[in-house]
Structures are given as C-alpha cells and as structure tokens.
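What follows is input-v5.cif (mmCIF, C-alpha atoms and all ligand atoms).
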```cif
data_input
#
loop_
_atom_site.label_atom_id
_atom_site.label_comp_id
_atom_site.auth_asym_id
_atom_site.auth_seq_id
_atom_site.Cartn_x
_atom_site.Cartn_y
_atom_site.Cartn_z
CA LEU A 1 -30.91 47.16 -41.25
CA ALA A 2 -33.18 50.12 -42.00
CA HIS A 3 -31.68 53.60 -41.91
CA ARG A 4 -33.96 54.48 -39.04
CA LEU A 5 -32.01 52.01 -36.84
CA GLU A 6 -28.55 53.00 -38.04
CA GLY A 7 -26.07 53.79 -35.31
CA ILE A 8 -28.37 52.58 -32.54
CA PRO A 9 -26.43 49.96 -30.56
CA PRO A 10 -28.02 46.98 -28.79
CA THR A 11 -29.41 48.09 -25.45
CA ILE A 12 -26.70 48.12 -22.78
CA PHE A 13 -29.05 46.32 -20.36
CA THR A 14 -29.13 43.17 -22.49
CA THR A 15 -25.36 43.25 -22.94
CA MET A 16 -24.60 43.73 -19.25
CA SER A 17 -27.19 41.24 -17.91
CA ALA A 18 -25.84 38.60 -20.32
CA LEU A 19 -22.33 39.38 -19.05
CA ALA A 20 -23.54 39.01 -15.44
CA ALA A 21 -25.08 35.61 -16.20
CA ARG A 22 -22.02 34.39 -18.12
CA THR A 23 -19.57 35.38 -15.40
CA GLN A 24 -21.88 34.57 -12.44
CA SER A 25 -21.43 38.11 -11.25
CA VAL A 26 -23.56 39.97 -8.75
CA ASN A 27 -25.82 41.98 -11.06
CA LEU A 28 -25.99 45.58 -9.87
CA GLY A 29 -26.57 46.61 -13.49
CA GLN A 30 -30.06 46.26 -14.94
CA GLY A 31 -32.72 47.77 -12.72
CA PHE A 32 -35.17 45.11 -11.62
CA PRO A 33 -35.99 44.08 -8.06
CA ASP A 34 -35.28 40.53 -6.93
CA VAL A 35 -38.39 40.41 -4.77
CA ASP A 36 -41.79 40.41 -6.52
CA GLY A 37 -44.69 42.74 -5.74
CA PRO A 38 -47.74 42.09 -3.50
CA PRO A 39 -49.04 38.47 -3.50
CA GLU A 40 -52.68 39.61 -3.62
CA VAL A 41 -51.94 41.33 -6.91
CA ILE A 42 -50.44 38.12 -8.29
CA ALA A 43 -53.50 36.22 -7.03
CA ARG A 44 -55.76 38.62 -8.92
CA ALA A 45 -53.81 37.96 -12.14
CA VAL A 46 -54.11 34.21 -11.61
CA HIS A 47 -57.84 34.59 -10.99
CA ALA A 48 -58.16 36.64 -14.19
CA LEU A 49 -56.36 33.93 -16.14
CA HIS A 50 -58.81 31.34 -14.83
CA SER A 51 -61.91 33.41 -15.35
CA GLY A 52 -61.85 34.30 -18.98
CA ALA A 53 -59.64 37.38 -19.27
CA ASN A 54 -57.71 35.69 -22.05
CA GLN A 55 -58.89 37.37 -25.23
CA TYR A 56 -58.16 40.84 -26.61
CA ALA A 57 -58.63 43.70 -24.21
CA PRO A 58 -60.20 46.91 -25.56
CA GLY A 59 -57.63 49.01 -27.46
CA PRO A 60 -57.27 51.75 -24.81
CA GLY A 61 -57.11 49.16 -22.01
CA VAL A 62 -59.65 47.45 -19.75
CA PRO A 63 -62.02 50.05 -18.22
CA GLU A 64 -61.27 48.77 -14.69
CA LEU A 65 -57.60 49.71 -15.08
CA ARG A 66 -58.23 53.05 -16.82
CA GLN A 67 -60.59 53.98 -13.97
CA ALA A 68 -58.02 52.90 -11.36
CA VAL A 69 -55.33 55.01 -13.07
CA ALA A 70 -57.70 57.99 -13.03
CA ARG A 71 -58.39 57.44 -9.30
CA HIS A 72 -54.63 57.21 -8.65
CA GLN A 73 -54.01 60.55 -10.41
CA VAL A 74 -56.71 62.28 -8.33
CA ARG A 75 -55.64 60.71 -5.05
CA HIS A 76 -51.94 61.51 -5.41
CA TYR A 77 -51.89 64.64 -7.54
CA GLY A 78 -55.38 66.12 -7.64
CA LEU A 79 -55.50 65.56 -11.41
CA GLU A 80 -59.04 64.76 -12.59
CA LEU A 81 -59.03 62.57 -15.71
CA ASP A 82 -61.74 61.14 -17.91
CA PRO A 83 -60.81 57.44 -17.99
CA ASP A 84 -62.31 57.06 -21.46
CA SER A 85 -60.48 59.82 -23.30
CA GLN A 86 -57.55 60.77 -21.08
CA VAL A 87 -56.04 57.39 -20.11
CA VAL A 88 -54.53 54.73 -22.38
CA VAL A 89 -52.97 51.48 -21.17
CA THR A 90 -49.63 50.66 -22.80
CA THR A 91 -47.33 47.65 -22.84
CA GLY A 92 -45.02 49.14 -20.25
CA ALA A 93 -43.87 52.73 -20.31
CA THR A 94 -41.57 51.58 -23.12
CA GLU A 95 -44.53 51.31 -25.47
CA GLY A 96 -45.85 54.58 -24.05
CA ILE A 97 -42.60 56.30 -25.05
CA ALA A 98 -42.61 54.67 -28.49
CA ALA A 99 -46.27 55.42 -29.20
CA ALA A 100 -45.97 59.00 -27.91
CA LEU A 101 -43.00 59.78 -30.14
CA LEU A 102 -44.37 57.96 -33.20
CA GLY A 103 -47.80 59.51 -32.64
CA LEU A 104 -46.64 63.09 -32.13
CA VAL A 105 -43.21 63.78 -33.68
CA ASP A 106 -42.91 64.71 -37.35
CA PRO A 107 -39.64 64.27 -39.24
CA GLY A 108 -37.34 67.19 -38.43
CA ASP A 109 -39.12 68.16 -35.21
CA GLU A 110 -36.69 68.86 -32.42
CA VAL A 111 -37.09 67.19 -29.05
CA VAL A 112 -35.31 68.74 -26.09
CA VAL A 113 -34.28 65.88 -23.82
CA LEU A 114 -32.34 65.60 -20.57
CA GLU A 115 -28.93 64.01 -21.06
CA PRO A 116 -28.02 61.38 -19.88
CA TYR A 117 -31.15 59.82 -21.34
CA TYR A 118 -32.81 56.48 -20.87
CA ASP A 119 -31.72 54.59 -23.96
CA SER A 120 -35.12 54.07 -25.56
CA TYR A 121 -35.55 57.85 -25.93
CA THR A 122 -32.70 58.20 -28.41
CA ALA A 123 -33.78 55.14 -30.37
CA MET A 124 -37.41 56.23 -30.56
CA ILE A 125 -36.73 59.90 -31.36
CA GLN A 126 -34.60 58.64 -34.24
CA MET A 127 -37.18 56.09 -35.39
CA ALA A 128 -39.80 58.86 -35.39
CA GLY A 129 -37.51 61.03 -37.56
CA GLY A 130 -37.07 63.60 -34.80
CA VAL A 131 -33.89 65.39 -33.78
CA ARG A 132 -32.71 65.30 -30.19
CA ARG A 133 -31.47 68.45 -28.48
CA PRO A 134 -29.76 67.37 -25.27
CA VAL A 135 -29.70 69.42 -22.09
CA THR A 136 -27.04 67.89 -19.89
CA LEU A 137 -27.46 67.25 -16.18
CA ARG A 138 -23.82 67.67 -15.15
CA ALA A 139 -21.80 65.83 -12.52
CA PRO A 140 -21.39 66.03 -9.62
CA ASP A 141 -24.91 67.27 -8.76
CA PHE A 142 -26.82 66.52 -11.96
CA ARG A 143 -29.09 69.56 -11.59
CA LEU A 144 -30.94 71.15 -14.49
CA ASP A 145 -29.14 74.15 -15.95
CA VAL A 146 -32.03 76.42 -16.92
CA ASP A 147 -29.89 78.59 -19.21
CA GLU A 148 -28.80 75.50 -21.10
CA LEU A 149 -32.45 74.46 -21.38
CA ARG A 150 -33.43 77.85 -22.81
CA ALA A 151 -30.50 77.76 -25.24
CA ALA A 152 -31.53 74.32 -26.53
CA VAL A 153 -34.85 75.61 -27.87
CA THR A 154 -34.92 76.64 -31.55
CA PRO A 155 -37.77 77.50 -33.93
CA ARG A 156 -37.95 73.77 -34.83
CA THR A 157 -38.39 72.61 -31.25
CA ARG A 158 -41.81 71.13 -30.56
CA PHE A 159 -41.29 68.82 -27.57
CA VAL A 160 -39.54 68.47 -24.25
CA LEU A 161 -39.00 64.86 -23.21
CA LEU A 162 -38.64 64.93 -19.45
CA ASN A 163 -37.81 62.19 -16.96
CA SER A 164 -38.12 62.75 -13.24
CA PRO A 165 -37.19 60.92 -11.05
CA HIS A 166 -34.37 60.58 -13.54
CA ASN A 167 -32.69 57.41 -14.77
CA PRO A 168 -29.66 57.08 -14.56
CA THR A 169 -28.70 60.01 -12.29
CA GLY A 170 -31.38 59.64 -9.59
CA THR A 171 -32.11 63.37 -9.77
CA VAL A 172 -35.63 64.37 -8.77
CA LEU A 173 -36.39 67.71 -10.39
CA THR A 174 -37.47 70.33 -7.86
CA ARG A 175 -40.62 72.35 -8.20
CA ALA A 176 -38.46 75.34 -9.21
CA GLU A 177 -36.67 73.35 -11.92
CA LEU A 178 -39.99 72.04 -13.21
CA GLN A 179 -41.43 75.54 -13.19
CA ALA A 180 -38.50 76.65 -15.36
CA VAL A 181 -39.29 73.84 -17.81
CA ALA A 182 -42.96 74.84 -17.73
CA ASP A 183 -42.09 78.49 -18.41
CA VAL A 184 -40.02 77.49 -21.45
CA ALA A 185 -42.73 75.10 -22.69
CA ILE A 186 -45.42 77.77 -22.39
CA ALA A 187 -43.27 80.53 -23.92
CA HIS A 188 -42.43 78.39 -26.98
CA ASP A 189 -45.70 76.46 -27.18
CA LEU A 190 -44.01 73.07 -26.61
CA VAL A 191 -45.60 69.77 -25.64
CA VAL A 192 -43.98 68.05 -22.66
CA ILE A 193 -43.76 64.27 -22.68
CA THR A 194 -42.85 63.23 -19.15
CA ASP A 195 -41.66 59.78 -18.09
CA GLU A 196 -42.53 59.38 -14.42
CA VAL A 197 -42.10 55.62 -13.95
CA TYR A 198 -40.21 56.24 -10.69
CA GLU A 199 -42.93 58.61 -9.38
CA HIS A 200 -43.22 56.75 -6.06
CA LEU A 201 -39.56 55.83 -5.62
CA VAL A 202 -38.41 59.07 -4.03
CA TYR A 203 -36.46 59.22 -0.76
CA ALA A 204 -36.70 61.26 2.42
CA GLY A 205 -36.35 64.98 1.88
CA SER A 206 -37.41 64.97 -1.78
CA GLU A 207 -40.82 65.18 -3.40
CA HIS A 208 -42.02 64.10 -6.83
CA VAL A 209 -43.97 66.86 -8.53
CA PRO A 210 -45.70 65.85 -11.78
CA ILE A 211 -45.15 68.68 -14.26
CA ALA A 212 -48.78 68.24 -15.35
CA THR A 213 -49.83 69.76 -12.00
CA LEU A 214 -48.12 73.11 -12.62
CA PRO A 215 -50.35 76.00 -13.75
CA GLY A 216 -51.09 75.91 -17.48
CA MET A 217 -49.27 72.61 -17.96
CA PHE A 218 -51.97 69.91 -17.96
CA GLU A 219 -53.17 70.81 -21.44
CA ARG A 220 -49.67 70.51 -22.92
CA THR A 221 -48.35 67.49 -20.97
CA LEU A 222 -48.45 63.80 -21.77
CA SER A 223 -47.49 61.76 -18.69
CA LEU A 224 -46.20 58.19 -18.77
CA SER A 225 -45.94 55.69 -15.96
CA SER A 226 -46.00 51.97 -15.30
CA ALA A 227 -46.70 49.32 -12.68
CA GLY A 228 -43.20 47.92 -13.14
CA LYS A 229 -41.39 50.17 -10.69
CA SER A 230 -44.18 51.17 -8.30
CA TYR A 231 -45.31 47.58 -7.67
CA SER A 232 -42.14 45.58 -8.40
CA PHE A 233 -43.57 43.87 -11.47
CA THR A 234 -41.06 44.99 -14.09
CA GLY A 235 -41.74 41.89 -16.20
CA TRP A 236 -45.47 42.57 -16.46
CA LYS A 237 -45.04 45.51 -18.81
CA VAL A 238 -48.26 47.27 -17.90
CA GLY A 239 -48.02 51.04 -18.24
CA TRP A 240 -50.25 54.01 -19.00
CA ALA A 241 -50.29 57.37 -20.71
CA THR A 242 -52.42 60.18 -19.27
CA GLY A 243 -53.17 63.75 -20.29
CA PRO A 244 -55.47 65.81 -22.47
CA ALA A 245 -57.52 63.81 -24.98
CA PRO A 246 -55.66 64.99 -28.14
CA LEU A 247 -52.26 63.87 -26.75
CA VAL A 248 -53.59 60.59 -25.34
CA GLY A 249 -55.43 60.06 -28.64
CA ALA A 250 -52.14 60.37 -30.53
CA VAL A 251 -50.64 57.65 -28.32
CA LEU A 252 -53.61 55.40 -29.05
CA ALA A 253 -53.42 56.15 -32.77
CA ALA A 254 -49.84 54.80 -32.84
CA LYS A 255 -50.38 52.09 -30.24
CA GLN A 256 -53.14 50.41 -32.25
CA TRP A 257 -50.55 49.59 -34.93
CA LEU A 258 -47.79 48.60 -32.51
CA THR A 259 -49.57 46.13 -30.24
CA PHE A 260 -53.27 46.82 -30.92
CA THR A 261 -54.02 46.06 -27.26
CA SER A 262 -52.00 45.13 -24.19
CA GLY A 263 -52.26 41.76 -22.40
CA SER A 264 -55.65 41.22 -20.75
CA PRO A 265 -55.09 39.20 -17.55
CA LEU A 266 -52.57 41.54 -15.96
CA GLN A 267 -54.71 44.65 -16.34
CA PRO A 268 -57.32 43.85 -13.64
CA ALA A 269 -54.46 42.86 -11.35
CA VAL A 270 -52.75 46.23 -11.83
CA ALA A 271 -56.13 47.92 -11.24
CA LEU A 272 -56.32 46.10 -7.92
CA ALA A 273 -52.74 47.12 -7.10
CA LEU A 274 -53.54 50.80 -7.71
CA ASP A 275 -56.76 50.68 -5.68
CA GLU A 276 -55.96 48.27 -2.89
CA ALA A 277 -52.20 47.99 -2.58
CA GLY A 278 -51.79 51.76 -2.47
CA GLU A 279 -49.54 51.48 0.60
CA PHE A 280 -47.06 49.22 -1.20
CA PRO A 281 -45.09 51.88 -3.12
CA ALA A 282 -44.44 53.92 0.05
CA SER A 283 -43.16 50.90 1.98
CA LEU A 284 -41.07 49.90 -1.05
CA ALA A 285 -39.60 53.43 -1.13
CA ALA A 286 -38.76 53.23 2.58
CA GLU A 287 -36.91 49.94 2.02
CA LEU A 288 -35.18 51.26 -1.08
CA GLY A 289 -34.09 54.39 0.77
CA ALA A 290 -32.27 52.19 3.31
CA LYS A 291 -30.72 50.11 0.51
CA ARG A 292 -29.61 53.27 -1.23
CA ASP A 293 -27.77 54.30 1.93
CA LEU A 294 -26.20 50.85 2.28
CA LEU A 295 -24.98 50.82 -1.34
CA CYS A 296 -23.78 54.43 -1.37
CA ALA A 297 -21.83 53.98 1.89
CA GLY A 298 -20.22 50.80 0.56
CA LEU A 299 -19.29 52.36 -2.78
CA ALA A 300 -17.72 55.33 -0.98
CA GLU A 301 -15.83 52.90 1.25
CA VAL A 302 -14.13 51.31 -1.78
CA GLY A 303 -13.02 54.75 -2.94
CA LEU A 304 -15.66 55.79 -5.45
CA ASP A 305 -17.12 59.31 -5.57
CA VAL A 306 -20.81 58.68 -5.02
CA ARG A 307 -23.71 60.92 -5.89
CA VAL A 308 -26.51 60.01 -3.47
CA PRO A 309 -29.69 59.89 -5.58
CA GLU A 310 -32.99 61.44 -4.48
CA GLY A 311 -35.05 58.83 -6.31
CA THR A 312 -35.06 55.76 -8.63
CA TYR A 313 -33.25 52.44 -8.28
CA PHE A 314 -29.80 53.84 -9.10
CA ALA A 315 -26.70 55.54 -7.71
CA THR A 316 -24.08 57.09 -9.97
CA THR A 317 -20.37 57.14 -9.18
CA ASP A 318 -17.35 58.90 -10.62
CA ILE A 319 -14.62 56.30 -11.12
CA SER A 320 -11.79 58.80 -11.64
CA ALA A 321 -11.01 58.63 -7.93
CA LEU A 322 -10.00 54.98 -8.45
CA GLY A 323 -7.65 55.90 -11.27
CA TRP A 324 -10.01 54.83 -14.07
CA ALA A 325 -10.99 57.20 -16.88
CA ASP A 326 -13.41 55.13 -18.95
CA GLY A 327 -16.59 53.70 -17.41
CA THR A 328 -17.11 51.24 -20.25
CA ALA A 329 -13.64 49.75 -19.80
CA PHE A 330 -14.22 49.72 -16.03
CA CYS A 331 -17.54 47.88 -16.36
CA LEU A 332 -16.20 45.36 -18.87
CA ALA A 333 -13.27 44.56 -16.55
CA LEU A 334 -15.34 44.47 -13.36
CA PRO A 335 -16.75 40.91 -13.67
CA GLU A 336 -13.21 39.55 -13.96
CA ARG A 337 -11.77 41.88 -11.29
CA ALA A 338 -14.57 41.62 -8.77
CA GLY A 339 -17.47 39.42 -9.95
CA VAL A 340 -19.81 42.42 -10.11
CA VAL A 341 -21.74 44.00 -12.98
CA ALA A 342 -22.64 47.70 -13.21
CA ILE A 343 -23.74 49.94 -16.08
CA PRO A 344 -21.41 52.39 -17.85
CA THR A 345 -23.30 55.66 -18.12
CA GLN A 346 -21.56 56.88 -21.30
CA GLY A 347 -24.10 55.03 -23.44
CA PHE A 348 -26.77 57.46 -22.26
CA TYR A 349 -24.87 60.51 -23.59
CA ASP A 350 -24.15 62.12 -26.94
CA SER A 351 -21.37 64.19 -25.41
CA ASP A 352 -18.54 62.54 -23.49
CA ALA A 353 -19.78 63.98 -20.17
CA GLY A 354 -20.55 60.46 -18.92
CA ARG A 355 -17.22 58.86 -19.70
CA HIS A 356 -16.12 58.59 -16.08
CA LEU A 357 -19.52 57.63 -14.68
CA VAL A 358 -20.91 54.24 -13.66
CA ARG A 359 -24.44 53.41 -12.49
CA TRP A 360 -25.21 50.89 -9.72
CA ALA A 361 -28.65 49.46 -8.89
CA PHE A 362 -29.79 49.12 -5.26
CA CYS A 363 -33.23 47.58 -5.95
CA LYS A 364 -31.77 44.24 -4.84
CA ASP A 365 -31.97 42.07 -1.76
CA ARG A 366 -29.75 43.39 1.07
CA THR A 367 -27.65 40.23 0.96
CA VAL A 368 -27.03 40.75 -2.76
CA ILE A 369 -25.91 44.35 -2.20
CA GLU A 370 -23.71 43.25 0.69
CA GLU A 371 -22.15 40.47 -1.40
CA GLY A 372 -21.53 42.91 -4.28
CA LEU A 373 -19.87 45.38 -1.91
CA ALA A 374 -17.75 42.67 -0.27
CA ARG A 375 -16.55 41.58 -3.70
CA LEU A 376 -15.71 45.17 -4.66
CA ALA A 377 -13.77 45.59 -1.42
CA ARG A 378 -11.70 42.48 -2.27
CA ALA A 379 -11.01 43.56 -5.88
CA ASP A 380 -7.50 44.56 -6.87
N1 LIG B 401 -38.47 54.83 -18.47
C1 LIG B 401 -37.48 54.75 -17.57
C2 LIG B 401 -36.79 55.99 -17.14
C3 LIG B 401 -37.12 53.50 -17.05
O1 LIG B 401 -36.11 53.40 -16.20
C4 LIG B 401 -37.84 52.37 -17.46
C5 LIG B 401 -37.55 51.04 -16.84
N2 LIG B 401 -36.62 50.29 -17.44
C6 LIG B 401 -38.83 52.50 -18.43
C7 LIG B 401 -39.13 53.75 -18.89
C8 LIG B 401 -39.57 51.34 -18.99
O2 LIG B 401 -40.65 50.98 -18.23
P1 LIG B 401 -41.49 49.65 -18.57
O3 LIG B 401 -40.72 48.50 -18.03
O4 LIG B 401 -42.78 49.89 -17.89
O5 LIG B 401 -41.62 49.56 -20.04
N1 LIG B 402 -35.16 50.45 -16.47
C1 LIG B 402 -34.22 49.43 -16.12
C2 LIG B 402 -32.83 50.02 -16.11
O1 LIG B 402 -32.66 51.16 -16.39
C3 LIG B 402 -34.28 48.26 -17.05
C4 LIG B 402 -34.38 48.68 -18.45
C5 LIG B 402 -34.36 47.61 -19.44
O2 LIG B 402 -34.04 46.50 -19.16
N2 LIG B 402 -34.68 48.00 -20.64
O3 LIG B 402 -31.93 49.31 -15.75
#
```
Can I see the file as structure tokens?
Amino acid sequence: LAHRLEGIPPTIFTTMSALAARTQSVNLGQGFPDVDGPPEVIARAVHALHSGANQYAPGPGVPELRQAVARHQVRHYGLELDPDSQVVVTTGATEGIAAALLGLVDPGDEVVVLEPYYDSYTAMIQMAGGVRRPVTLRAPDFRLDVDELRAAVTPRTRFVLLNSPHNPTGTVLTRAELQAVADVAIAHDLVVITDEVYEHLVYAGSEHVPIATLPGMFERTLSLSSAGKSYSFTGWKVGWATGPAPLVGAVLAAKQWLTFTSGSPLQPAVALALDEAGEFPASLAAELGAKRDLLCAGLAEVGLDVRVPEGTYFATTDISALGWADGTAFCLALPERAGVVAIPTQGFYDSDAGRHLVRWAFCKDRTVIEEGLARLARAD
C-alpha cells in the first residue's frame, strides 16, 4: 500500500453495512433512504438511456445540468453563476471533495476542518499531502468554538474545510458561526471548501446559510453539493462544485484525471429534478423532521442521551448513560444484543472526544425505525 494511504482504515460505512447484512440487523447505520426519489426524475433517466445519452459527457458536465445548478443557486441563495466557468459536475460530492483537495492543496498546506469529520475528508487531505487541523464540535451541543477556530490557524493554513449541515452531528451552523468562519478566512486569506450536501435537509427552526453568500466570501469559497441527499438518489453519484472560476477550474483540472467525465444519462435527469421537482426536497425535509422526532424520542426512551439534530439524516447519542464507555464496542455488540446497526462516531475524530458517541440514521421508512426502536427496547 502506498504511503499516502497508510493509517487510513476501510470506511466504517462498508464495515457496518456488511455487518448489518450478515446479521440481518435493522440498518440505522449508513445514511441512505429506503425510498427512492421522484418517479418523473427516474423516467427522465430512462428516456435519456433510450435516446442516445450513452457516450462521454463534456468534461465539466452536460450544459443542461450546469445551467440547472446555476438556476438553483440563484433561486435559493441569490448567487449568480456562469454555468460555463463556475459550475462543474462531479461523480457525487465525494469526487468533488477529492478533486477540490487534489486540485488545490499543496504538500504541507494546513486545512482547518471541523471534527468530527466525514471520513473522506481525512483520507483526501492525506492523499493530497495536506495536514489537517481539527476544530472540534463538542458534545453535548456540538457548536463551533470560535476561539478554537482562531487558534487552529497558523502561517501554513490555507484552507477551511467546512460542512454544514454537519455529518455526523446534525449541527447546522448559524449565520453568526458562519460569519466567524468568514472573518477568520478573510483575515488570513484562506479558501473555504464547503460541503453542503444536506443543504435542503434542515428542520423547523433552523436555516441553512451557504457561506458563499456572506459578504466577501463568494470569491474565496468553493461549494460542493449533490443530488444524492436532496433527491434521494444516493446511488446516482451526481454532484457539483460551484464558485469562482479559478477554484472551479482547479476542481476540473483534477477531475479530468480522476474520472474525465461523469455518467451521461443521469445528468439530464438531475437537471429535471432541480428545475421541475424543486418542491421535493422541502417535502422530504418535512417527512425527515417527523422521523427525526420519532427516532430521537425512541432513543431517549431506551435511556440514551440524545442530541436532537437541526439537519442531516443523523442523530447522535451519548451511550455513557447506558453504562457503556466505548461506542465502537457498543456498535459491534449491538447486532447480537439487539439486531440493530449504528455507527460509532469515534472513527470521525483524531482526538478521543467521540469515544462515547454513536450515530443513528433516521432517513428510513417509519416501520424500519419503529422496528429498530422496538428491538432496542427489548435488548438486555
Ligand atoms: N459529504 C457528506 C457530509 C456526506 O454525508 C456525503 C454522503 N455520504 C457525501 C459528502 C458524499 O456525497 P455523494 O454521495 O454525493 O458522493
Ligand atoms: N453519507 C452517508 C453516511 O454518512 C453514506 C456515506 C458512504 O456510504 N460513504 O452514512
């Protein structure tokens, strides 16, 4: 194995979903919905398959989708983008993250990143030769500590890698928290790479604010998103990077050597989703908000300390209240004890601040959540 992959374990999602399948457990681990997105979007993909969209797409993505992404950014956020130079289609946000880091980070550059972090960030910062500088969102509230953020910046820092709504904690950064990040970025001339795949999955009382909309931030922000979460097509792997042309150009410069182009037939379908199924994400968020409440109430009922998330697919619990200290041991024992799979959060930390934390997904059918909760209630 190459040095650049040393110490990077297999992704926890593969491990835990395999465990769920092997033990026939209710899978409240990996975040994917068990109901697909809008049928008219699927029909558009089928039509594309039958009407010749089967050869290479243009490198930056099919124009129809880049234009639809630009329209989405204006409609929701008032951000005006040139679809030719300021939008690139990626193979999921995962490729967006990889191409952004490989395209922008030089060896030795420091990347300030919110801990716990989505696991591909650590792997890709390392593969790019960068150095991560964690800023920890601490239990029980998982808010951003602005002093800790300021202290993480050194003369070698060049990037902030942000994620809001945040996986795994479910924190949605407030406008004030984002303004603090923006102030630090401007003061130290940092580029912000922001992963906003859960942009539409935010629940009553909270609001998603793209950091690119704050004064002075557009020109230093690269934003990443994807159709996976907003339209319940996580397996389609259609994402996009948006921002000023030099940052988007760096993504494209790396992307051309990773995948060259992304799959053709799904791109017109995602364009249609953005333009014509614009109501879908809000109704999905309303449903998910109710499922969040169902899951959080049930987890509290079995004695877990639950942090009710403001966004995403996930709720985080502290397992100490049940007499457990180690989330990994808890999650490895859970299939046997209860027939349920969840994700130990420790894998998303460098520090041991996540040792007692476990993440549960509520992007599942109600009956699945209810069955998972009933099994937990019966566990010893
Ligand atoms: N970022 C975060 C925070 C995520 O939770 C996910 C979904 N697993 C991704 C990126 C990857 O998105 P995609 O499936 O579009 O590659
Ligand atoms: N984003 C989803 C999660 O956090 C799935 C990620 C994955 O499978 N790589 O569970």
- Item | Environment of ligand LIG 401 (chain B) within 9 Å, counting only C-alpha atoms and all ligand atoms, reported as number ranges by chain | A: 30-32, 90-97, 117-121, 163-168, 195-198, 224-229, 233-240, 312-313
- Task: Record the distance separating atom CA of A:Gln126 and atom CA of A:Leu5, expressed in Å with one decimal.
- Result: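 Between atom CA of A:Gln126 and atom CA of A:Leu5 the gap works out to 7.6 Å.
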- Query: So which residues touch A:Arg158 within 7 Å, counting all atoms listed in the file, skipping near sequence neighbours fewer than 6 positions away, as a count of residues only?
  - Reply: 5
- Query: Quick one: of A:Gly170, A:Pro268, A:Gly243, A:Gly354, who's nearest to A:Gly311, counting only C-alpha atoms?
  - Reply: A:Gly170
- Message: For a quick check of understanding, using only C-alpha atoms, which of A:Val368, A:Val146, A:Leu266, A:Ala361 has the smallest distance to A:Thr169?
- Response: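 With only C-alpha atoms as the atom set, the closest residue is A:Ala361.
For A:Val270, the residues within 9 Å (counting only C-alpha atoms, excluding itself and residues fewer than 4 positions away along the chain) are Val41, Arg44, Ala45, Leu65, Ala68, Ala227, Tyr231, Val238, Leu266, Leu274 and Asp275 of chain A.
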- Query: With all atoms listed in the file as the atoms that count, which of A:Gly108, A:Thr136, A:Leu376, A:Asp183 lies nearest to A:Pro155?
  - Reply: A:Gly108
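Counting all atoms listed in the file, the residue from A:Ala374, A:Val87, A:Val341, A:Leu304 that sits nearest to ligand LIG 402 (chain B) is A:Val341.
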- Contacts of stretch 213-218 of chain A at 7 Å (all atoms listed in the file; same-chain gap of 3+ positions) as a ChimeraX atom specification: /A:182,210,221,243
Go ahead and dump the residues you just picked, C-alpha atoms, as a PDB file, in the coordinates of the input.
```
ATOM      1  CA  ALA A 182     -42.960  74.840 -17.730  1.00  0.00           C
ATOM      2  CA  PRO A 210     -45.700  65.850 -11.780  1.00  0.00           C
ATOM      3  CA  THR A 221     -48.350  67.490 -20.970  1.00  0.00           C
ATOM      4  CA  GLY A 243     -53.170  63.750 -20.290  1.00  0.00           C
TER       5      GLY A 243
END
```
- Got a sec: who's within 12 Å of A:Arg4, counting all atoms listed in the file, leaving out chain neighbours fewer than 5 positions off, as a count of residues only? 10
- Pick from A:Ala285, A:Ala333, A:Val105, A:Ala315: nearest to ligand LIG 402 (chain B), with only C-alpha atoms and all ligand atoms counted?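 Residue with the minimum atom-to-atom distance to ligand LIG 402 (chain B): A:Ala315.
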- Note on the structure: re atom CA of A:Ile186 and atom CA of A:Thr154: distance 14.0 Å
- Task: Would you please work out which residue, of A:Leu322, A:Leu295, A:Leu357, A:Ala300, is nearest to A:Phe142 when using all atoms listed in the file?
- Result: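 When distances to A:Phe142 are compared using all atoms listed in the file, the smallest one comes from A:Leu357.
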